[in-house]
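K.L.:
Below is the file upload_28.pdb, which contains PDB, C-alpha atoms and all ligand atoms.
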```pdb
ATOM      1  CA  MET A   1      85.112  47.559 111.728
ATOM      2  CA  GLU A   2      86.121  46.806 115.234
ATOM      3  CA  ASP A   3      88.336  44.043 116.426
ATOM      4  CA  THR A   4      88.893  40.722 114.806
ATOM      5  CA  GLU A   5      86.327  40.372 112.047
ATOM      6  CA  ALA A   6      89.075  40.058 109.488
ATOM      7  CA  LYS A   7      90.833  37.245 111.347
ATOM      8  CA  ASN A   8      89.812  34.431 109.045
ATOM      9  CA  THR A   9      90.932  36.015 105.831
ATOM     10  CA  THR A  10      93.957  34.335 104.337
ATOM     11  CA  PHE A  11      96.482  36.099 102.195
ATOM     12  CA  PRO A  12      98.471  34.531  99.372
ATOM     13  CA  SER A  13     102.162  35.201  99.619
ATOM     14  CA  SER A  14     102.578  37.740  96.850
ATOM     15  CA  LEU A  15     100.366  40.501  95.496
ATOM     16  CA  PHE A  16      96.863  39.458  96.390
ATOM     17  CA  SER A  17      93.318  40.536  96.166
ATOM     18  CA  PHE A  18      90.279  39.094  97.890
ATOM     19  CA  SER A  19      86.791  39.899  98.765
ATOM     20  CA  ASN A  20      85.164  39.458 102.176
ATOM     21  CA  PRO A  21      81.585  40.680 102.235
ATOM     22  CA  ASN A  22      81.376  39.983 105.991
ATOM     23  CA  VAL A  23      83.918  42.613 106.799
ATOM     24  CA  SER A  24      82.493  46.000 107.460
ATOM     25  CA  PHE A  25      84.133  49.134 108.730
ATOM     26  CA  GLY A  26      81.990  51.766 110.329
ATOM     27  CA  PHE A  27      84.228  54.705 109.664
ATOM     28  CA  GLY A  28      83.486  57.369 112.200
ATOM     29  CA  PHE A  29      85.920  60.010 110.974
ATOM     30  CA  GLY A  30      84.007  63.124 110.107
ATOM     31  CA  ALA A  31      85.185  66.020 108.004
ATOM     32  CA  ALA A  32      87.036  68.584 110.042
ATOM     33  CA  SER A  33      84.776  71.448 110.942
ATOM     34  CA  GLY A  34      84.529  74.054 113.645
ATOM     35  CA  PRO A  35      87.485  75.639 115.430
ATOM     36  CA  PRO A  36      91.054  74.412 114.775
ATOM     37  CA  PRO A  37      92.205  71.573 117.045
ATOM     38  CA  PRO A  38      94.184  72.452 120.186
ATOM     39  CA  PRO A  39      98.004  72.203 120.077
ATOM     40  CA  PRO A  40      99.181  68.581 120.380
ATOM     41  CA  PRO A  41     100.222  67.205 123.775
ATOM     42  CA  PRO A  42     103.998  67.322 124.389
ATOM     43  CA  ALA A  43     106.068  64.380 123.174
ATOM     44  CA  LEU A  44     107.035  62.053 126.000
ATOM     45  CA  GLU A  45     108.350  58.593 126.738
ATOM     46  CA  VAL A  46     105.998  56.271 128.635
ATOM     47  CA  LEU A  47     107.673  53.571 130.710
ATOM     48  CA  LEU A  48     106.701  49.911 130.647
ATOM     49  CA  SER A  49     105.928  50.246 134.362
ATOM     50  CA  GLU A  50     103.354  53.001 133.715
ATOM     51  CA  GLU A  51     100.496  50.642 132.905
ATOM     52  CA  SER A  52      97.174  52.325 133.670
ATOM     53  CA  PRO A  53      94.656  50.886 136.135
ATOM     54  CA  VAL A  54      92.120  51.236 133.274
ATOM     55  CA  THR A  55      93.280  48.304 131.183
ATOM     56  CA  GLY A  56      91.786  45.920 128.702
ATOM     57  CA  GLY A  57      90.132  43.390 131.019
ATOM     58  CA  ASN A  58      89.412  40.073 129.334
ATOM     59  CA  LEU A  59      91.879  39.285 126.622
ATOM     60  CA  GLU A  60      90.743  38.284 123.150
ATOM     61  CA  PRO A  61      92.843  36.293 120.695
ATOM     62  CA  VAL A  62      93.426  37.631 117.198
ATOM     63  CA  VAL A  63      94.285  34.704 114.945
ATOM     64  CA  VAL A  64      97.209  35.362 112.626
ATOM     65  CA  ASP A  65      97.539  31.807 111.323
ATOM     66  CA  ASP A  66      97.139  28.201 112.540
ATOM     67  CA  SER A  67     100.130  28.462 114.812
ATOM     68  CA  LEU A  68      99.897  32.021 116.087
ATOM     69  CA  SER A  69      97.415  34.216 117.912
ATOM     70  CA  ILE A  70      98.114  37.633 119.384
ATOM     71  CA  TYR A  71      96.174  38.634 122.505
ATOM     72  CA  LYS A  72      94.560  42.038 122.914
ATOM     73  CA  GLY A  73      92.562  43.902 125.519
ATOM     74  CA  ARG A  74      89.562  46.149 125.018
ATOM     75  CA  VAL A  75      89.195  49.628 126.447
ATOM     76  CA  ASN A  76      86.415  52.074 125.700
ATOM     77  CA  THR A  77      86.867  55.719 124.848
ATOM     78  CA  CYS A  78      84.426  56.840 127.529
ATOM     79  CA  ASP A  79      86.560  55.408 130.367
ATOM     80  CA  VAL A  80      89.750  56.989 129.058
ATOM     81  CA  PHE A  81      88.808  60.171 127.223
ATOM     82  CA  GLY A  82      85.262  60.771 128.403
ATOM     83  CA  VAL A  83      83.903  60.569 124.853
ATOM     84  CA  LYS A  84      81.409  57.934 123.779
ATOM     85  CA  ASN A  85      81.813  55.760 120.659
ATOM     86  CA  SER A  86      84.090  58.206 118.941
ATOM     87  CA  ASP A  87      86.792  57.287 116.452
ATOM     88  CA  LEU A  88      88.435  60.681 116.503
ATOM     89  CA  VAL A  89      88.441  63.899 118.477
ATOM     90  CA  PRO A  90      90.872  66.144 116.551
ATOM     91  CA  GLY A  91      93.878  67.144 118.643
ATOM     92  CA  LYS A  92      92.673  65.075 121.599
ATOM     93  CA  TYR A  93      92.181  61.460 120.571
ATOM     94  CA  GLU A  94      93.314  59.906 117.278
ATOM     95  CA  GLY A  95      91.596  56.522 117.200
ATOM     96  CA  GLY A  96      94.158  54.382 119.026
ATOM     97  CA  LEU A  97      91.763  52.562 121.364
ATOM     98  CA  LYS A  98      90.084  50.722 118.520
ATOM     99  CA  LEU A  99      91.598  47.901 116.498
ATOM    100  CA  TRP A 100      91.416  48.923 112.842
ATOM    101  CA  GLU A 101      91.342  46.297 110.157
ATOM    102  CA  GLY A 102      94.457  47.656 108.415
ATOM    103  CA  SER A 103      96.575  46.460 111.318
ATOM    104  CA  LEU A 104      95.453  42.884 110.628
ATOM    105  CA  ASP A 105      96.162  43.320 106.914
ATOM    106  CA  LEU A 106      99.623  44.472 107.910
ATOM    107  CA  VAL A 107     100.305  41.554 110.277
ATOM    108  CA  LYS A 108      99.198  39.057 107.629
ATOM    109  CA  THR A 109     101.357  40.681 104.987
ATOM    110  CA  LEU A 110     104.383  40.657 107.287
ATOM    111  CA  ASN A 111     103.712  36.997 108.042
ATOM    112  CA  ALA A 112     103.566  36.175 104.326
ATOM    113  CA  ASP A 113     106.762  38.119 103.579
ATOM    114  CA  ILE A 114     108.632  36.409 106.430
ATOM    115  CA  LYS A 115     107.450  32.951 105.313
ATOM    116  CA  ASP A 116     108.572  33.659 101.742
ATOM    117  CA  ASP A 117     111.973  35.018 102.816
ATOM    118  CA  ARG A 118     111.241  38.513 101.597
ATOM    119  CA  LEU A 119     111.549  39.972 105.080
ATOM    120  CA  LEU A 120     113.925  39.231 107.917
ATOM    121  CA  VAL A 121     112.784  40.576 111.294
ATOM    122  CA  GLU A 122     115.195  38.767 113.615
ATOM    123  CA  GLY A 123     117.456  41.184 115.454
ATOM    124  CA  LYS A 124     116.022  44.228 113.655
ATOM    125  CA  ARG A 125     115.107  47.598 115.127
ATOM    126  CA  VAL A 126     111.392  48.092 114.578
ATOM    127  CA  LEU A 127     109.178  51.160 115.033
ATOM    128  CA  GLU A 128     105.396  51.046 114.875
ATOM    129  CA  LEU A 129     103.897  54.474 114.209
ATOM    130  CA  GLY A 130     100.294  55.201 115.252
ATOM    131  CA  CYS A 131     100.307  51.879 117.053
ATOM    132  CA  GLY A 132      97.053  51.807 119.068
ATOM    133  CA  HIS A 133      96.844  48.144 120.106
ATOM    134  CA  GLY A 134     100.319  47.612 118.643
ATOM    135  CA  LEU A 135      99.630  44.239 117.019
ATOM    136  CA  PRO A 136     102.078  44.676 114.091
ATOM    137  CA  GLY A 137     104.869  45.714 116.479
ATOM    138  CA  ILE A 138     104.022  42.838 118.824
ATOM    139  CA  PHE A 139     104.078  40.470 115.847
ATOM    140  CA  ALA A 140     107.566  41.740 114.963
ATOM    141  CA  GLY A 141     108.597  41.077 118.559
ATOM    142  CA  LEU A 142     107.242  37.523 118.376
ATOM    143  CA  LYS A 143     109.241  37.039 115.174
ATOM    144  CA  GLY A 144     112.497  37.917 116.904
ATOM    145  CA  ALA A 145     112.934  41.683 116.465
ATOM    146  CA  GLY A 146     115.813  42.969 118.578
ATOM    147  CA  LEU A 147     113.952  46.092 119.661
ATOM    148  CA  VAL A 148     110.426  47.374 119.135
ATOM    149  CA  HIS A 149     109.352  50.965 119.731
ATOM    150  CA  PHE A 150     105.674  51.878 119.787
ATOM    151  CA  GLN A 151     104.409  55.406 119.051
ATOM    152  CA  ASP A 152     100.911  56.732 119.558
ATOM    153  CA  PHE A 153      99.478  60.239 119.636
ATOM    154  CA  ASN A 154      98.033  59.562 123.093
ATOM    155  CA  ALA A 155     100.029  58.519 126.168
ATOM    156  CA  GLU A 156      96.734  57.169 127.572
ATOM    157  CA  VAL A 157      96.486  54.663 124.711
ATOM    158  CA  LEU A 158     100.005  53.416 125.418
ATOM    159  CA  ARG A 159      99.276  53.067 129.142
ATOM    160  CA  CYS A 160      95.833  51.451 128.874
ATOM    161  CA  LEU A 161      96.237  49.263 125.839
ATOM    162  CA  THR A 162      99.614  49.008 124.120
ATOM    163  CA  ILE A 163     101.655  48.265 127.245
ATOM    164  CA  PRO A 164      99.249  45.589 128.589
ATOM    165  CA  ASN A 165      99.106  43.995 125.118
ATOM    166  CA  VAL A 166     102.905  44.011 124.856
ATOM    167  CA  LYS A 167     103.273  42.509 128.324
ATOM    168  CA  VAL A 168     100.846  39.670 127.729
ATOM    169  CA  ASN A 169     102.346  38.714 124.357
ATOM    170  CA  LEU A 170     106.053  39.439 124.708
ATOM    171  CA  PHE A 171     106.718  39.017 128.420
ATOM    172  CA  LYS A 172     104.704  35.854 129.056
ATOM    173  CA  GLU A 173     107.280  33.854 130.973
ATOM    174  CA  PRO A 174     110.803  34.903 131.862
ATOM    175  CA  SER A 175     112.009  31.675 130.284
ATOM    176  CA  GLN A 176     110.270  32.406 126.976
ATOM    177  CA  GLY A 177     111.919  34.724 124.529
ATOM    178  CA  THR A 178     114.545  37.318 125.132
ATOM    179  CA  PHE A 179     112.423  40.435 125.580
ATOM    180  CA  THR A 180     113.424  42.763 128.378
ATOM    181  CA  SER A 181     112.226  46.229 129.289
ATOM    182  CA  SER A 182     115.094  47.667 127.259
ATOM    183  CA  SER A 183     113.897  45.859 124.116
ATOM    184  CA  VAL A 184     110.685  47.883 124.018
ATOM    185  CA  GLY A 185     109.952  51.598 124.102
ATOM    186  CA  PHE A 186     106.738  53.621 124.173
ATOM    187  CA  TYR A 187     106.507  57.168 122.873
ATOM    188  CA  ALA A 188     103.545  59.525 122.817
ATOM    189  CA  GLY A 189     103.209  62.683 120.762
ATOM    190  CA  ASP A 190     102.528  64.256 117.421
ATOM    191  CA  TRP A 191     104.489  63.142 114.357
ATOM    192  CA  SER A 192     105.606  66.723 113.796
ATOM    193  CA  GLU A 193     107.632  66.812 117.007
ATOM    194  CA  ILE A 194     108.533  63.294 118.094
ATOM    195  CA  ASP A 195     111.609  62.649 115.932
ATOM    196  CA  ASN A 196     114.232  63.564 118.534
ATOM    197  CA  LEU A 197     112.575  61.472 121.183
ATOM    198  CA  LEU A 198     112.404  58.444 118.894
ATOM    199  CA  LEU A 199     115.972  58.802 117.811
ATOM    200  CA  SER A 200     117.433  59.851 121.134
ATOM    201  CA  GLY A 201     120.689  58.104 121.649
ATOM    202  CA  ALA A 202     121.099  57.476 117.941
ATOM    203  CA  THR A 203     122.465  59.810 115.296
ATOM    204  CA  VAL A 204     119.541  61.682 113.825
ATOM    205  CA  GLN A 205     119.524  61.291 110.105
ATOM    206  CA  ASP A 206     118.398  64.241 108.054
ATOM    207  CA  LYS A 207     117.347  63.076 104.649
ATOM    208  CA  SER A 208     115.266  66.143 103.962
ATOM    209  CA  THR A 209     117.762  67.219 101.336
ATOM    210  CA  ASN A 210     118.181  63.727  99.875
ATOM    211  CA  HIS A 211     121.830  64.064 100.853
ATOM    212  CA  HIS A 212     123.460  61.127 102.595
ATOM    213  CA  THR A 213     126.467  61.678 104.820
ATOM    214  CA  GLU A 214     129.099  59.265 106.071
ATOM    215  CA  ASN A 215     127.102  58.659 109.236
ATOM    216  CA  ASP A 216     124.176  57.283 107.311
ATOM    217  CA  GLY A 217     123.776  53.562 107.567
ATOM    218  CA  HIS A 218     124.489  53.456 111.319
ATOM    219  CA  SER A 219     121.267  54.692 112.870
ATOM    220  CA  GLY A 220     117.525  54.679 112.534
ATOM    221  CA  TYR A 221     114.999  51.883 112.434
ATOM    222  CA  ASP A 222     115.377  48.906 110.097
ATOM    223  CA  ILE A 223     111.623  48.412 109.801
ATOM    224  CA  ILE A 224     108.856  50.989 110.260
ATOM    225  CA  LEU A 225     105.298  49.679 110.477
ATOM    226  CA  MET A 226     102.085  51.666 110.312
ATOM    227  CA  ALA A 227      98.419  50.832 109.849
ATOM    228  CA  GLU A 228      95.557  53.241 109.238
ATOM    229  CA  THR A 229      97.747  56.291 109.812
ATOM    230  CA  VAL A 230      97.228  58.110 106.506
ATOM    231  CA  TYR A 231      93.610  59.194 106.876
ATOM    232  CA  ALA A 232      94.130  62.897 107.594
ATOM    233  CA  LEU A 233      95.515  64.886 104.694
ATOM    234  CA  ASP A 234      96.964  67.579 106.970
ATOM    235  CA  SER A 235      99.236  65.227 108.885
ATOM    236  CA  LEU A 236     100.723  63.378 105.884
ATOM    237  CA  PRO A 237     103.700  65.742 105.336
ATOM    238  CA  SER A 238     104.837  65.463 108.973
ATOM    239  CA  LEU A 239     104.364  61.693 108.888
ATOM    240  CA  TYR A 240     106.424  61.398 105.689
ATOM    241  CA  ARG A 241     109.194  63.655 107.079
ATOM    242  CA  LEU A 242     109.319  61.596 110.283
ATOM    243  CA  ILE A 243     109.653  58.360 108.369
ATOM    244  CA  LYS A 244     112.482  59.680 106.232
ATOM    245  CA  LYS A 245     114.282  60.912 109.312
ATOM    246  CA  CYS A 246     113.858  57.727 111.341
ATOM    247  CA  LEU A 247     114.397  55.068 108.683
ATOM    248  CA  HIS A 248     117.798  53.425 108.497
ATOM    249  CA  TYR A 249     119.625  54.311 105.291
ATOM    250  CA  PRO A 250     120.043  52.553 102.961
ATOM    251  CA  GLY A 251     118.449  49.262 103.985
ATOM    252  CA  GLY A 252     115.373  50.339 105.967
ATOM    253  CA  VAL A 253     111.877  49.403 104.855
ATOM    254  CA  VAL A 254     108.432  50.792 105.663
ATOM    255  CA  TYR A 255     105.280  48.669 105.623
ATOM    256  CA  MET A 256     102.131  50.775 105.394
ATOM    257  CA  ALA A 257      98.549  49.493 105.543
ATOM    258  CA  GLY A 258      95.612  51.766 104.918
ATOM    259  CA  LYS A 259      92.654  52.598 102.767
ATOM    260  CA  LYS A 260      93.009  53.928  99.288
ATOM    261  CA  HIS A 261      90.753  56.844 100.270
ATOM    262  CA  TYR A 262      89.318  57.958 103.597
ATOM    263  CA  PHE A 263      86.072  59.590 102.733
ATOM    264  CA  GLY A 264      85.364  62.763 104.671
ATOM    265  CA  VAL A 265      88.930  63.414 105.822
ATOM    266  CA  GLY A 266      90.763  63.555 102.510
ATOM    267  CA  GLY A 267      93.711  61.251 103.140
ATOM    268  CA  GLY A 268      94.505  57.765 101.897
ATOM    269  CA  THR A 269      97.335  55.559 100.722
ATOM    270  CA  ARG A 270      97.312  57.227  97.314
ATOM    271  CA  GLN A 271      97.763  60.686  98.842
ATOM    272  CA  PHE A 272     100.726  59.397 100.829
ATOM    273  CA  LEU A 273     102.196  57.792  97.695
ATOM    274  CA  ARG A 274     101.855  61.106  95.882
ATOM    275  CA  LEU A 275     103.993  62.767  98.568
ATOM    276  CA  ALA A 276     106.627  60.066  98.270
ATOM    277  CA  ALA A 277     106.642  60.329  94.466
ATOM    278  CA  GLU A 278     107.041  64.127  94.586
ATOM    279  CA  ASP A 279     109.947  63.776  96.993
ATOM    280  CA  GLY A 280     111.567  61.089  94.835
ATOM    281  CA  THR A 281     113.719  59.485  97.558
ATOM    282  CA  MET A 282     111.783  56.283  98.043
ATOM    283  CA  GLN A 283     110.375  53.598  95.869
ATOM    284  CA  SER A 284     107.013  52.030  96.624
ATOM    285  CA  ASP A 285     105.656  48.550  95.951
ATOM    286  CA  LEU A 286     102.088  47.354  96.336
ATOM    287  CA  LEU A 287     102.068  44.125  98.359
ATOM    288  CA  ALA A 288      98.381  43.554  99.018
ATOM    289  CA  GLU A 289      94.989  44.736  97.943
ATOM    290  CA  VAL A 290      91.917  43.912 100.017
ATOM    291  CA  THR A 291      88.367  44.510  98.869
ATOM    292  CA  ASP A 292      85.627  44.036 101.408
ATOM    293  CA  GLY A 293      82.553  44.348  99.257
ATOM    294  CA  SER A 294      82.109  48.031 100.021
ATOM    295  CA  SER A 295      83.370  50.791  97.793
ATOM    296  CA  ASN A 296      86.592  51.160  99.722
ATOM    297  CA  VAL A 297      89.791  49.282  99.027
ATOM    298  CA  ARG A 298      92.489  48.543 101.567
ATOM    299  CA  GLU A 299      96.138  48.245 100.581
ATOM    300  CA  VAL A 300      99.506  47.302 102.003
ATOM    301  CA  TRP A 301     102.547  49.078 100.547
ATOM    302  CA  LYS A 302     106.260  48.728 101.086
ATOM    303  CA  PHE A 303     108.696  51.659 100.814
ATOM    304  CA  SER A 304     112.461  51.559 100.580
ATOM    305  CA  PHE A 305     115.190  54.017  99.608
ATOM    306  CA  LYS A 306     116.002  54.120  95.903
TER
HETATM  307  C1  LIG B   1      93.038  54.973 113.144
HETATM  308  S1  LIG B   1      94.188  54.806 114.440
HETATM  309  C2  LIG B   1      95.017  53.299 113.955
HETATM  310  C3  LIG B   1      95.498  52.526 115.134
HETATM  311  C4  LIG B   1      96.195  51.203 114.792
HETATM  312  N1  LIG B   1      97.355  51.412 113.955
HETATM  313  C5  LIG B   1      95.257  50.226 114.134
HETATM  314  O1  LIG B   1      95.330  50.072 112.902
HETATM  315  O2  LIG B   1      94.475  49.587 114.815
HETATM  316  C6  LIG B   1      95.385  56.049 113.941
HETATM  317  C7  LIG B   1      96.614  56.117 114.826
HETATM  318  O3  LIG B   1      97.506  57.096 114.287
HETATM  319  C8  LIG B   1      98.022  57.921 115.325
HETATM  320  N2  LIG B   1      98.045  59.318 114.873
HETATM  321  C9  LIG B   1      97.145  59.930 114.084
HETATM  322  N3  LIG B   1      97.493  61.204 113.843
HETATM  323  C10 LIG B   1      98.666  61.400 114.505
HETATM  324  C11 LIG B   1      99.543  62.501 114.630
HETATM  325  N4  LIG B   1      99.302  63.657 114.036
HETATM  326  N5  LIG B   1     100.646  62.353 115.362
HETATM  327  C12 LIG B   1     100.902  61.172 115.975
HETATM  328  N6  LIG B   1     100.122  60.081 115.882
HETATM  329  C13 LIG B   1      99.011  60.201 115.164
HETATM  330  C14 LIG B   1      97.155  57.747 116.524
HETATM  331  O4  LIG B   1      97.981  57.490 117.589
HETATM  332  C15 LIG B   1      96.282  56.541 116.234
HETATM  333  O5  LIG B   1      96.566  55.494 117.108
END
```
Go ahead and express the file in the form of structure tokens.
Ligand SMILES: C[S@@+](CC[C@H](N)C(=O)[O-])C[C@H]1O[C@@H](n2cnc3c(N)ncnc32)[C@H](O)[C@@H]1O

P.N.:
Amino acid sequence: MEDTEAKNTTFPSSLFSFSNPNVSFGFGFGAASGPPPPPPPPALEVLLSEESPVTGGNLEPVVVDDSLSIYKGRVNTCDVFGVKNSDLVPGKYEGGLKLWEGSLDLVKTLNADIKDDRLLVEGKRVLELGCGHGLPGIFAGLKGAGLVHFQDFNAEVLRCLTIPNVKVNLFKEPSQGTFTSSSVGFYAGDWSEIDNLLLSGATVQDKSTNHHTENDGHSGYDIILMAETVYALDSLPSLYRLIKKCLHYPGGVVYMAGKKHYFGVGGGTRQFLRLAAEDGTMQSDLLAEVTDGSSNVREVWKFSFK
């Protein structure tokens, strides 16, 4: 599915399930075949001022609820990566130019949790992993987050899409809101090597041994958001390690939206949950279940330290 087809779905406030036969999702991820992908591009920070000349053009509203729309651009893969209608080119492009439906599931779940006082975003440090358009992170910004960092595999995605989307939604008028260039950050690179960049300036937490030191509790992100990031089985361990390293202990929470299974690439929410269960550090709660009439099921999960 591309763009805003899921915009009119409404989510009850607690565990929910609904069916929307109009929603379709042409999943273009193919099974990995051929030679191994090239090494990932180096991790780097992209500045707010580095907006690309290839940007989204006409803005389209994505309706969150009666009182809130988030605006997004549209950029095609041919203009940026020279590949036509592709969802994924392993090691080169990881799908960030397209708006995946999980990100809307995530925004709606966050909205429901905020309305029902299960989530406080105001003043929090937020990280969106695998952001693409960055709508969940932008939503957190609109709900008063103190800082929002956006990560994508591709610097080009941040420059062409995420930064323009952030500017149009969070920097509308100087008089509106309190966002400044220091309240947002943009980071490109592979999950396996971006931890230091994300945590630069803060004490890096190492929870790989499940051992918490005195420093814990003073660094890391309060809220980590991610949508449609768990499709590739191979990258799940590095994604899980990154989350554990970057999440504030003990109060941090992760909201993850994704499909139960991604056919052809082997990943899925359940594979990610299996990793978390084997590690034993975090507890998981199912917040939302979305059926779209096809055989696939989308879910939103919340993780927190036990
Ligand atoms: C399917 S797109 C989802 C984009 C967006 N969250 C959405 O739902 O519209 C997957 C995202 O995960 C990120 N990603 C995938 N594999 C990655 C990796 N190994 N390291 C870093 N980022 C990765 C890419 O940046 C890409 O934007």

K.L.:
Draw an axis-aligned box tight on the listed atoms of ligand LIG 1 (chain B), then pad every side by 4 Å and write out centre and edge lengths in Å to one decimal as AutoDock Vina command-line options.

P.N.:
```
--center_x 97.0 --center_y 56.6 --center_z 115.2 --size_x 15.9 --size_y 22.1 --size_z 12.7
```

K.L.:
At a cut-off of 7 Å and counting only C-alpha atoms and all ligand atoms, what residues surround ligand LIG 1 (chain B)? Please answer as a list in words.

P.N.:
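The residues near ligand LIG 1 (chain B) are Glu94, Gly95, Gly96, Lys98, Leu99, Trp100, Glu101, Gly102, Ser103, Leu129, Gly130, Cys131, Gly132, His133, Gly134, Gln151, Asp152, Phe153, Asn154, Gly189, Asp190, Trp191, Ser192, Met226, Ala227, Glu228, Thr229 and Ser235 of chain A.
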
K.L.:
Applying the PyMOL selection byres (((chain A and resi 258) around 10) and not hetatm) to the file I just gave you, which residues come out? Please list them as a list in words.

P.N.:
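Taken over the shown coordinates, the PyMOL selection byres (((chain A and resi 258) around 10) and not hetatm) returns Trp100, Glu101, Gly102, Ser103, Asp105, Leu106, Met226, Ala227, Glu228, Thr229, Val230, Tyr231, Met256, Ala257, Lys259, Lys260, His261, Tyr262, Gly267, Gly268, Thr269, Arg270, Glu289, Val290, Val297, Arg298, Glu299, Val300 and Trp301 of chain A.
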
K.L.:
Suppose a student applies the PyMOL selection byres (((chain A and resi 158) around 10) and not hetatm) to this structure; what residues should they get, written as a ChimeraX atom specification?

P.N.:
/A:45-48,50-52,96-97,131-134,150-157,159-166,186-188

K.L.:
Neighbours of Ser67 (chain A) within 12 Å (only C-alpha atoms; same-chain residues fewer than 4 positions away dropped), as a PDB file with C-alpha atoms, in the frame of the given file?

P.N.:
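File written: around.pdb
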```
ATOM      1  CA  VAL A  62      93.426  37.631 117.198  1.00  0.00           C
ATOM      2  CA  VAL A  63      94.285  34.704 114.945  1.00  0.00           C
ATOM      3  CA  ASN A 111     103.712  36.997 108.042  1.00  0.00           C
TER       4      ASN A 111
END
```

K.L.:
Which polymer residues, whether protein, DNA or RNA, lie within 12 Å of the coordinate (103.6, 59.3, 97.0) when you count only C-alpha atoms? List them as number ranges by chain, using the chain letters and numbers from the file.

P.N.:
A: 230, 236-237, 240, 267-285, 301-303

K.L.:
Quick one: distance from CA of Leu147 (chain A) to CA of Val254 (chain A) in Å, one decimal?

P.N.:
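Taking CA of Leu147 (chain A) as the start and CA of Val254 (chain A) as the end point, the length is 15.8 Å.
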
K.L.:
Would you kindly translate the PyMOL selection byres (((chain A and resi 76) around 10) and not hetatm) into the concrete residues it picks from this file, as a PyMOL selection string?

P.N.:
chain A and resi 54-56+74-75+77-86+97-98+160

K.L.:
Restricting the calculation to all atoms listed in the file: of A:Leu120, A:Gly264, A:Leu197, A:Leu59, which residue gets closest to Leu242 (chain A)?

P.N.:
A:Leu197

K.L.:
Rounded to one decimal in Å, what is the spacing between CA of Leu247 (chain A) and CA of Asp222 (chain A)?

P.N.:
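Separation between CA of Leu247 (chain A) and CA of Asp222 (chain A): 6.4 Å.
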
K.L.:
Tell me, in Å to one decimal, how far CA of Asn196 (chain A) is from CA of Val107 (chain A).

P.N.:
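Interatomic distance here is 27.3 Å.
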
K.L.:
Complete region 281-285 of chain A at the level of all heavy atoms, written as a short mmCIF file (atom, residue, chain, number, x, y, z; two decimals), in the frame of the given file.

P.N.:
```
data_model
loop_
_atom_site.label_atom_id
_atom_site.label_comp_id
_atom_site.auth_asym_id
_atom_site.auth_seq_id
_atom_site.Cartn_x
_atom_site.Cartn_y
_atom_site.Cartn_z
N THR A 281 112.66 60.22 96.85
CA THR A 281 113.72 59.48 97.56
C THR A 281 113.43 57.99 97.69
O THR A 281 114.34 57.19 97.78
CB THR A 281 113.87 60.04 99.00
OG1 THR A 281 113.86 61.46 98.94
CG2 THR A 281 115.14 59.58 99.65
N MET A 282 112.15 57.67 97.73
CA MET A 282 111.78 56.28 98.04
C MET A 282 111.02 55.64 96.91
O MET A 282 110.28 56.29 96.18
CB MET A 282 110.89 56.26 99.27
CG MET A 282 111.54 56.81 100.48
SD MET A 282 110.87 55.96 101.88
CE MET A 282 111.51 56.92 103.17
N GLN A 283 111.20 54.34 96.82
CA GLN A 283 110.38 53.60 95.87
C GLN A 283 109.27 52.88 96.63
O GLN A 283 109.42 52.55 97.80
CB GLN A 283 111.20 52.61 95.07
CG GLN A 283 111.58 51.36 95.80
CD GLN A 283 112.14 50.33 94.84
OE1 GLN A 283 113.14 50.61 94.19
NE2 GLN A 283 111.52 49.16 94.77
N SER A 284 108.15 52.66 95.95
CA SER A 284 107.01 52.03 96.62
C SER A 284 106.57 50.79 95.84
O SER A 284 106.63 50.77 94.61
CB SER A 284 105.86 53.03 96.72
OG SER A 284 105.58 53.56 95.44
N ASP A 285 106.16 49.78 96.58
CA ASP A 285 105.66 48.55 95.95
C ASP A 285 104.36 48.13 96.62
O ASP A 285 104.29 48.06 97.85
CB ASP A 285 106.68 47.42 96.11
CG ASP A 285 107.97 47.73 95.38
OD1 ASP A 285 107.96 47.71 94.15
OD2 ASP A 285 108.96 48.03 96.07
#
```
